[in-house]
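Asker: Dumping the structure here so I can ask a few things about it.
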Amino acid sequence: MARLQPVRGTHDILGDKSLRFRTIFEIFKSVAERYSHQEIDTPIFEFTETFKRTLGETSDVVNKEMYTFEDRGGEQVTLRPEYTAGIARAFMSNGLQQSMPCKFYSFGPIFRYERPQKGRMRQFHQMDVEIIGVPEAQADIEVLAIASDLLDALGIGQHITLELNSLGDPQSRAGYRDALVKYFGGYKNKLSEDSLKRLEKNPMRILDSKDEGDRLLIADAPRIAEYYNQDTKDFFAKVIDGIEAIGIEYQINDRLVRGLDYYCHTAFEFTTDQLGAQGTVLAGGRYDGLMEMMGGPKTAGVGWAAGMERLAELVSEDLISKPKRPVIVAPVGADAQVPAMKIAHDLRAAGLTVDMAYKGNVGKRMKRANKQNALFAVLIGEDEMGRGVAMVKNLDQGSQQEISLSELSTYILGSL
RNA sequence: GCGGGUGUAGCUCAGUUGGUUAGAGCGCCAGAUUGUGAUUCUGGAAGUCGCGGGUUCGAUCCCCGUCACUCGCCCCA
């Protein structure tokens, strides 16, 4: 068995899990399309530079979580650790500045080299939404509305809280950062080891610390709202007015910061207390500076990503769409094999889901039909062949009836 | 990357204070039932006790290492 294990932190998706994923994706797709978003699929790997430059040299994602390798041509490439940078690259590669605004959605695997835990794996799946080219707050509102609609459609909205913050425009953010460095710099002897590192690299992250000593200091730390300039205040107020107008509940969390460097203004997380340490189910924000960092023209953008595996843990069983119940065709005797195949073929052509009971006596084949949760079993043997009929058994009711082959599909379709 | 817990059949789990043939339920296969499923009854297959090393007359059990899973930290969806 040892050699047959999947790579650590990766999982096969089959059976019930596969149905859950598909159901959630279908719902996501229909919600996103209702907002006039279009599907985009970008490659699952990009040049390493694409991620390195945008995520920030200090981020954990870049420093220890990327799956990076050199391909046979000597290129440094990386399995995507998030969606936004790849989509931004695609936006520029395809010259879509011509067709702004662009509204995208996407779904697929994401890779991060992390220590696996429940709700955290090395290959996992995200659903992603982006609006590129709309600097106005309407885009932030719309993107939040998609998220909220999705969670409601999945029937889990009541277990999830929207936490909202504004990181401010670059000017506000820089002012706040300085204030934090000054404040925490005065308590170097009291800060936790982790937070001392954060003070150097990314002081805003100290606000996230779970260390008890840190939390005491954080309680009296400067609040970001005190450093907002007028533009930031106006922008945030518009976002809040907008989501209030459409009835989205939220909590302001001014300790909420995002891990990736390219965020500004709106930052948000939808969190739940039902998944242990991995509470974040959907998160995102505005990233107006991203395209410039990548060497393109300044272009506004806002979006989010949601973790499929985490959502799948929360969604109720009743929501999951089940596979169609099949009709099972069971030939009796070797001579019936070919006619049975023909019958199955005709029923499929009529749009029915059909499987064959391949072997065994009639009892075995019926058992097989039952195990597959079939609606009907269609028996065809010497007797029936002679008269151009098939024996059709309704497996829910236990009743059966001879039906002429020419009326078979009509009969079954009529009894559904 | 750091710390704790766990690892026995396809699945869920017993068990052995170190002792000969390691058990149960579910599932699977077969038969009772060669033209009729779900129930029932009978039988069967299936385990390098995660892997490697050590201690021992003897290890699934004790020790060390390793791998995987799991919980937490870091970080994040």
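Letters for chains follow the order of the structure tokens (A, B, ...), residue numbers begin at 1 for each chain, and ligand numbers begin at 1 in the order shown.
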Sorted by chain and rising residue number, which residues of chain A lie within 6 Å of chain B, and what are their closest atom pairs and distances in Å to one decimal, counting only C-alpha atoms (C1' of nucleotides), as CSV?
Answerer:
```
residue,atom,partner,partner_atom,distance
A:Val281,CA,B:A77,C1',5.7
A:Ala306,CA,B:A77,C1',5.2
A:Gly307,CA,B:A77,C1',3.9
A:Gly363,CA,B:U36,C1',5.9
A:Met366,CA,B:G37,C1',4.7
A:Lys367,CA,B:G37,C1',4.6
A:Asn370,CA,B:G37,C1',5.3
```
Asker: Enumerate as a PyMOL selection string all residues of region 191-344 of chain A assigned to alpha helix (DSSP H) by DSSP on the backbone, naming them with the chain letters and numbers the document uses.
Answerer: chain A and resi 193-201+212-219+230-245+290-293+308-314+337-344
Asker: Would you give me, as a ChimeraX atom specification, the residues in region 29-111 of chain A that DSSP reads as strand (DSSP E or B)?
Answerer: /A:38-39,45-47,67-70,76-79,102-111
Asker: Would you write out those residues with N, CA and C atoms, as a PDB file, in the first residue's frame?
Answerer:
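Below you can see again.pdb, which holds the result:
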```pdb
ATOM      1  N   GLN A  38     -18.288  35.888 -16.814  1.00  0.00           N
ATOM      2  CA  GLN A  38     -17.994  34.861 -17.794  1.00  0.00           C
ATOM      3  C   GLN A  38     -16.869  33.967 -17.309  1.00  0.00           C
ATOM      4  N   GLU A  39     -16.926  32.736 -17.757  1.00  0.00           N
ATOM      5  CA  GLU A  39     -15.935  31.771 -17.293  1.00  0.00           C
ATOM      6  C   GLU A  39     -14.582  32.044 -17.946  1.00  0.00           C
ATOM      7  N   PHE A  45      -0.300  26.375 -14.203  1.00  0.00           N
ATOM      8  CA  PHE A  45       1.014  26.887 -13.818  1.00  0.00           C
ATOM      9  C   PHE A  45       1.398  28.084 -14.673  1.00  0.00           C
ATOM     10  N   GLU A  46       2.202  28.940 -14.084  1.00  0.00           N
ATOM     11  CA  GLU A  46       2.635  30.189 -14.717  1.00  0.00           C
ATOM     12  C   GLU A  46       4.134  30.325 -14.464  1.00  0.00           C
ATOM     13  N   PHE A  47       4.733  31.280 -15.129  1.00  0.00           N
ATOM     14  CA  PHE A  47       6.115  31.608 -14.781  1.00  0.00           C
ATOM     15  C   PHE A  47       6.158  32.016 -13.309  1.00  0.00           C
ATOM     16  N   TYR A  67       4.844  25.532  -5.113  1.00  0.00           N
ATOM     17  CA  TYR A  67       5.385  24.385  -5.839  1.00  0.00           C
ATOM     18  C   TYR A  67       6.084  24.926  -7.081  1.00  0.00           C
ATOM     19  N   THR A  68       7.376  25.085  -6.988  1.00  0.00           N
ATOM     20  CA  THR A  68       8.132  25.683  -8.070  1.00  0.00           C
ATOM     21  C   THR A  68       9.123  24.673  -8.621  1.00  0.00           C
ATOM     22  N   PHE A  69       9.268  24.630  -9.931  1.00  0.00           N
ATOM     23  CA  PHE A  69      10.259  23.728 -10.512  1.00  0.00           C
ATOM     24  C   PHE A  69      10.731  24.269 -11.854  1.00  0.00           C
ATOM     25  N   GLU A  70      11.822  23.714 -12.288  1.00  0.00           N
ATOM     26  CA  GLU A  70      12.371  24.107 -13.583  1.00  0.00           C
ATOM     27  C   GLU A  70      11.917  23.089 -14.611  1.00  0.00           C
ATOM     28  N   GLN A  76      11.601  28.624 -15.052  1.00  0.00           N
ATOM     29  CA  GLN A  76      11.106  28.490 -13.689  1.00  0.00           C
ATOM     30  C   GLN A  76       9.595  28.667 -13.726  1.00  0.00           C
ATOM     31  N   VAL A  77       8.884  27.628 -13.357  1.00  0.00           N
ATOM     32  CA  VAL A  77       7.424  27.705 -13.364  1.00  0.00           C
ATOM     33  C   VAL A  77       6.882  27.293 -11.993  1.00  0.00           C
ATOM     34  N   THR A  78       5.655  27.732 -11.712  1.00  0.00           N
ATOM     35  CA  THR A  78       5.054  27.482 -10.398  1.00  0.00           C
ATOM     36  C   THR A  78       3.604  27.081 -10.570  1.00  0.00           C
ATOM     37  N   LEU A  79       3.215  26.025  -9.865  1.00  0.00           N
ATOM     38  CA  LEU A  79       1.811  25.629  -9.816  1.00  0.00           C
ATOM     39  C   LEU A  79       1.053  26.727  -9.074  1.00  0.00           C
ATOM     40  N   CYS A 102     -14.132  43.764 -17.247  1.00  0.00           N
ATOM     41  CA  CYS A 102     -14.189  42.326 -17.432  1.00  0.00           C
ATOM     42  C   CYS A 102     -14.681  41.681 -16.154  1.00  0.00           C
ATOM     43  N   LYS A 103     -15.643  40.802 -16.312  1.00  0.00           N
ATOM     44  CA  LYS A 103     -16.190  40.107 -15.134  1.00  0.00           C
ATOM     45  C   LYS A 103     -15.993  38.612 -15.344  1.00  0.00           C
ATOM     46  N   PHE A 104     -15.197  38.028 -14.485  1.00  0.00           N
ATOM     47  CA  PHE A 104     -14.814  36.631 -14.670  1.00  0.00           C
ATOM     48  C   PHE A 104     -15.237  35.760 -13.491  1.00  0.00           C
ATOM     49  N   TYR A 105     -15.405  34.479 -13.803  1.00  0.00           N
ATOM     50  CA  TYR A 105     -15.411  33.484 -12.732  1.00  0.00           C
ATOM     51  C   TYR A 105     -14.584  32.289 -13.176  1.00  0.00           C
ATOM     52  N   SER A 106     -14.082  31.534 -12.221  1.00  0.00           N
ATOM     53  CA  SER A 106     -13.239  30.393 -12.541  1.00  0.00           C
ATOM     54  C   SER A 106     -13.315  29.371 -11.420  1.00  0.00           C
ATOM     55  N   PHE A 107     -12.925  28.163 -11.745  1.00  0.00           N
ATOM     56  CA  PHE A 107     -12.904  27.090 -10.745  1.00  0.00           C
ATOM     57  C   PHE A 107     -11.811  26.096 -11.107  1.00  0.00           C
ATOM     58  N   GLY A 108     -11.052  25.679 -10.113  1.00  0.00           N
ATOM     59  CA  GLY A 108     -10.037  24.680 -10.405  1.00  0.00           C
ATOM     60  C   GLY A 108      -9.081  24.481  -9.243  1.00  0.00           C
ATOM     61  N   PRO A 109      -8.047  23.670  -9.472  1.00  0.00           N
ATOM     62  CA  PRO A 109      -7.115  23.325  -8.405  1.00  0.00           C
ATOM     63  C   PRO A 109      -6.100  24.421  -8.127  1.00  0.00           C
ATOM     64  N   ILE A 110      -5.712  24.517  -6.866  1.00  0.00           N
ATOM     65  CA  ILE A 110      -4.726  25.468  -6.365  1.00  0.00           C
ATOM     66  C   ILE A 110      -3.729  24.651  -5.553  1.00  0.00           C
ATOM     67  N   PHE A 111      -2.465  25.080  -5.559  1.00  0.00           N
ATOM     68  CA  PHE A 111      -1.422  24.282  -4.911  1.00  0.00           C
ATOM     69  C   PHE A 111      -0.627  25.108  -3.908  1.00  0.00           C
TER      70      PHE A 111
END
```
Asker: Using only C-alpha atoms (C1' of nucleotides) for the distances, tell me which of B:C29, B:A24, B:U42, B:G47 is nearest to A9 (chain B).
Answerer: B:G47
Asker: For Leu96 (chain A), please output as a ChimeraX atom specification all residues within 12 Å (counting only C-alpha atoms (C1' of nucleotides); exclusion window: fewer than 3 positions along the same chain).
Answerer: /A:87-93,99-104,132-133,296-297,299
Asker: Would you save the residues of that selection, restricted to N, CA and C atoms, as a CSV table (one decimal), in the first residue's frame?
Answerer:
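Output (selection.csv):
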```csv
chain,number,residue,atom,x,y,z
A,87,ILE,N,-5.1,35.4,-13.5
A,87,ILE,CA,-6.1,36.0,-14.2
A,87,ILE,C,-5.7,37.4,-14.7
A,88,ALA,N,-5.0,38.1,-13.8
A,88,ALA,CA,-4.5,39.4,-14.2
A,88,ALA,C,-3.5,39.3,-15.3
A,89,ARG,N,-2.7,38.3,-15.3
A,89,ARG,CA,-1.8,38.1,-16.4
A,89,ARG,C,-2.5,37.8,-17.7
A,90,ALA,N,-3.6,36.9,-17.6
A,90,ALA,CA,-4.4,36.6,-18.8
A,90,ALA,C,-5.1,37.9,-19.3
A,91,PHE,N,-5.5,38.7,-18.4
A,91,PHE,CA,-6.2,39.9,-18.8
A,91,PHE,C,-5.2,40.8,-19.7
A,92,MET,N,-4.0,40.9,-19.3
A,92,MET,CA,-3.0,41.6,-20.0
A,92,MET,C,-2.6,40.9,-21.3
A,93,SER,N,-2.3,39.6,-21.2
A,93,SER,CA,-1.9,38.8,-22.3
A,93,SER,C,-2.9,38.9,-23.5
A,99,SER,N,-11.6,45.8,-23.6
A,99,SER,CA,-13.0,45.4,-23.4
A,99,SER,C,-13.4,45.5,-21.9
A,100,MET,N,-12.7,46.4,-21.2
A,100,MET,CA,-13.1,46.6,-19.8
A,100,MET,C,-14.5,47.2,-19.7
A,101,PRO,N,-15.2,46.9,-18.7
A,101,PRO,CA,-14.8,46.1,-17.6
A,101,PRO,C,-15.0,44.6,-17.9
A,102,CYS,N,-14.1,43.8,-17.2
A,102,CYS,CA,-14.2,42.3,-17.4
A,102,CYS,C,-14.7,41.7,-16.2
A,103,LYS,N,-15.6,40.8,-16.3
A,103,LYS,CA,-16.2,40.1,-15.1
A,103,LYS,C,-16.0,38.6,-15.3
A,104,PHE,N,-15.2,38.0,-14.5
A,104,PHE,CA,-14.8,36.6,-14.7
A,104,PHE,C,-15.2,35.8,-13.5
A,132,ILE,N,-12.5,43.3,-13.2
A,132,ILE,CA,-11.4,44.1,-13.6
A,132,ILE,C,-11.8,45.3,-14.4
A,133,GLY,N,-11.3,46.5,-13.9
A,133,GLY,CA,-11.5,47.7,-14.7
A,133,GLY,C,-12.6,48.5,-14.2
A,296,GLY,N,2.1,46.3,-16.0
A,296,GLY,CA,1.1,46.7,-16.9
A,296,GLY,C,0.6,48.1,-16.5
A,297,PRO,N,-0.4,48.6,-17.2
A,297,PRO,CA,-1.0,49.9,-16.9
A,297,PRO,C,-1.8,49.8,-15.6
A,299,THR,N,-4.6,49.4,-13.4
A,299,THR,CA,-6.0,48.9,-13.7
A,299,THR,C,-6.6,48.5,-12.4
```
Asker: May I ask for the distance between CA of Phe28 (chain A) and CA of Leu14 (chain A), given in Å to one decimal place?
Answerer: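 Computed distance, CA of Phe28 (chain A) to CA of Leu14 (chain A), equals 19.7 Å.
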Asker: If we count only C-alpha atoms (C1' of nucleotides), what is near Val181 (chain A) at a cut-off of 9 Å, once residues fewer than 5 positions away on the same chain are taken out, given as a PyMOL selection string?
Answerer: chain A and resi 176+186+199-200+203-204
